[in-house]
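Enquirer: Take this structure, written in structure tokens, and hold onto it; I'll ask about it next.
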Amino acid sequence: MKRGTEIVTFGCRLNAYESEVMRGHTDAAGLDGAIVFNTCAVTAEAERQARQAIRKARRENPQARIVVTGCAAQVNPDEFATMPEVDLVLGNDEKMQAASWQPALALHANEKVRVNDIMSVTETAGHLVQGLGRTRAFVQVQNGCDHRCTFCIIPYGRGPSRSVPAGEVVAQVRILVENGCREVVLTGVDMTSYGSDLPGAPSLGNLARRILKLVPDLERLRLSSIDSIEADGDLMRLIADEERLMPHLHLSLQSGDDMVLKRMKRRHLRDDSIRFCEEVRKLRPDIVFGADFIAGFPTETDEMFENTMRLVGECGLTWLHVFPFSPRPGTPAAKMPQVARDVSKARAERLRAKGRARVRAHLEEGLGATRPVLMESATLGRTHQFTPVRVAEAATAGEILPLRLAAHDGQSFEGLRAA
């Protein structure tokens, strides 16, 4: 009996999308008995977790062939190649090519490392993902990054910023919708830089508008993480005017202190974040914001951290994704004066606690309302604001149900079918 290929994914939504592309390639190639680790390099801890998982997989599956790919493999291929548990290391460009997954190449190649110079990659293909069911699908519209934040190694794992032509994106969305998909999420590494490398330099807002116009049967369009300082006028008008664009934005903020932001080499200041959130909320009062934060960045003082804590309320943020700073070898931040690890972890926990309180307040505010909920499974769905809703009465994945938000447990609503 064929077991197929197991794919273990670490990190971002783009990695999750690319894992589905790889799954399609391995299934088409009939690749059997392999375990693929799609790694993340955003922190040193992420790499440690990947290595730990690889060793565990080898212990539990001594006969399996283990392939390691993703950003950590791209940045540190030799480190993974020296692991006795690993049979093959593939780069981020190679992993997306169908030919890489032919059994003769993937499992019996003489060389253990196939990783090219990611900075030489100039195109991003519109890889089609089918078979994601009738709920939600991710569509990659951009890859790579031209910025050099001092804490981030990702540009060296993903290469320069490059965009998928709008026509290819629209075609993929149309196929997904024709196959029954109810919601599409646009994703990328630095998505708000979309289009700068394409003829005419179309913006992310222009792309989203074209999708909604040319695929009128698409019921929900959602954006993954954006850099608010790069939000274009088209995108802002779309937020105001288009109900099919979901009222949920996840922002890459990282800190609420100007000095820390400068040392991170970010392109915004705290007032820019506050102004953006205020402007968007005027355009779309039901908007809900999430944000990424790093706690304990080098040189961060207690006062600087308190500025970040205050920003959560000043921006009206709800969903917080918090990392305690972890020095990433090869980045400028790793050479800066470090904050003690226990201090970073304590600050991260304070931020997370504030986030939990903000979620609870968001849930309290929504009690009693009836909302259309896209069911992801028989018992779990999400509102237009991406808030999870659990139901006791089994539903069908892919349904959009009007549910009354009757109670909550501090993390998700309990939904009842509306009369």
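Residues are referred to by chain and number: the chain letter is A, B, ... according to the order shown in the structure tokens, the number counts from 1 in that chain, and ligands are numbered separately from 1 in the order shown.
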Report the closest atom pair, with its distance in Å rounded to one decimal, for each residue of range 296-357 of chain A that has an atom no farther than 8 Å from range 153-166 of chain A; count only C-alpha atoms, sort by chain and then rising residue number, and write it as JSON lines.
Expert:
```
{"residue": "A:Arg328", "atom": "CA", "partner": "A:Ile153", "partner_atom": "CA", "distance": 7.3}
{"residue": "A:Gly330", "atom": "CA", "partner": "A:Ile153", "partner_atom": "CA", "distance": 7.2}
{"residue": "A:Thr331", "atom": "CA", "partner": "A:Ile153", "partner_atom": "CA", "distance": 6.4}
```
Enquirer: Could you write those residues out with N, CA and C atoms, as an mmCIF file, in the first residue's frame?
Expert:
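File produced: result-v2.cif:
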```
data_model
loop_
_atom_site.group_PDB
_atom_site.id
_atom_site.type_symbol
_atom_site.label_atom_id
_atom_site.label_comp_id
_atom_site.auth_asym_id
_atom_site.auth_seq_id
_atom_site.Cartn_x
_atom_site.Cartn_y
_atom_site.Cartn_z
ATOM 1 N N ARG A 328 19.459 36.105 15.348
ATOM 2 C CA ARG A 328 19.593 35.269 14.163
ATOM 3 C C ARG A 328 20.986 35.488 13.594
ATOM 4 N N GLY A 330 24.033 36.080 11.337
ATOM 5 C CA GLY A 330 24.054 36.637 9.996
ATOM 6 C C GLY A 330 23.265 37.916 9.844
ATOM 7 N N THR A 331 22.589 38.354 10.925
ATOM 8 C CA THR A 331 21.842 39.605 10.864
ATOM 9 C C THR A 331 22.523 40.663 11.719
#
```
Enquirer: Can you tell me, as a PDB file with C-alpha atoms, in the first residue's frame, what residues are no more than 7 Å from Leu416 in chain A when counting only C-alpha atoms, ignoring any on the same chain fewer than 5 positions away?
Expert:
```
ATOM      1  CA  VAL A 391     -20.763  25.125  16.703  1.00  0.00           C
ATOM      2  CA  LEU A 403     -24.824  32.192  13.139  1.00  0.00           C
ATOM      3  CA  ARG A 404     -25.808  34.028  16.288  1.00  0.00           C
ATOM      4  CA  LEU A 405     -22.768  34.633  18.490  1.00  0.00           C
ATOM      5  CA  ALA A 406     -24.277  33.369  21.708  1.00  0.00           C
TER       6      ALA A 406
END
```
Enquirer: So what do you get for CA of Leu253 in chain A versus CA of Cys315 in chain A, distance-wise?
Expert: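 If I compute the distance from CA of Leu253 in chain A to CA of Cys315 in chain A, I get 10.6 Å.
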Enquirer: From the options A:Thr301, A:Thr5, A:Asn76, A:Thr308, which residue's atoms come nearest to Gln254 in chain A, counting only C-alpha atoms?
Expert: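 The shortest atom-to-atom distance to Gln254 in chain A comes from A:Thr308.
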Enquirer: Measuring between only C-alpha atoms, which one of A:Leu207, A:Ala407, A:Leu351, A:Cys145 shows the shortest distance to Glu364 in chain A?
Expert: A:Ala407
Enquirer: Run DSSP on the backbone and tell me which residues of range 189-355 of chain A come out as helix (DSSP H, G or I); list them as a PyMOL selection string.
Expert: chain A and resi 191-193+204-214+228-230+233-241+258-264+270-283+302-315+332-335+341-355
Enquirer: For Gly33 in chain A, list every protein, DNA or RNA residue within 7 Å, evaluated using only C-alpha atoms, and leave out those in the same chain fewer than 6 positions away; present the list as a PyMOL selection string.
Expert: chain A and resi 3-5+64-65
Enquirer: What does the file look like for those residues with N, CA and C atoms, as a PDB file, in the first residue's frame?
Expert:
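Output saved as selection_30.pdb:
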```pdb
ATOM      1  N   ARG A   3       2.144   4.933   0.598  1.00  0.00           N
ATOM      2  CA  ARG A   3       1.950   5.877   1.696  1.00  0.00           C
ATOM      3  C   ARG A   3       2.043   7.317   1.236  1.00  0.00           C
ATOM      4  N   GLY A   4       2.558   7.516   0.022  1.00  0.00           N
ATOM      5  CA  GLY A   4       2.735   8.877  -0.456  1.00  0.00           C
ATOM      6  C   GLY A   4       3.846   9.587   0.290  1.00  0.00           C
ATOM      7  N   THR A   5       3.799  10.929   0.268  1.00  0.00           N
ATOM      8  CA  THR A   5       4.815  11.758   0.898  1.00  0.00           C
ATOM      9  C   THR A   5       4.199  12.572   2.025  1.00  0.00           C
ATOM     10  N   ALA A  64      12.453   5.823   6.049  1.00  0.00           N
ATOM     11  CA  ALA A  64      11.977   6.936   5.221  1.00  0.00           C
ATOM     12  C   ALA A  64      13.144   7.724   4.637  1.00  0.00           C
ATOM     13  N   ARG A  65      12.901   8.330   3.489  1.00  0.00           N
ATOM     14  CA  ARG A  65      13.859   9.279   2.912  1.00  0.00           C
ATOM     15  C   ARG A  65      13.446  10.673   3.370  1.00  0.00           C
TER      16      ARG A  65
END
```
Enquirer: Rounded to one decimal in Å, what is the spacing between CA of Pro247 in chain A and CA of Arg358 in chain A?
Expert: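 Separating CA of Pro247 in chain A from CA of Arg358 in chain A is a distance of 16.9 Å.
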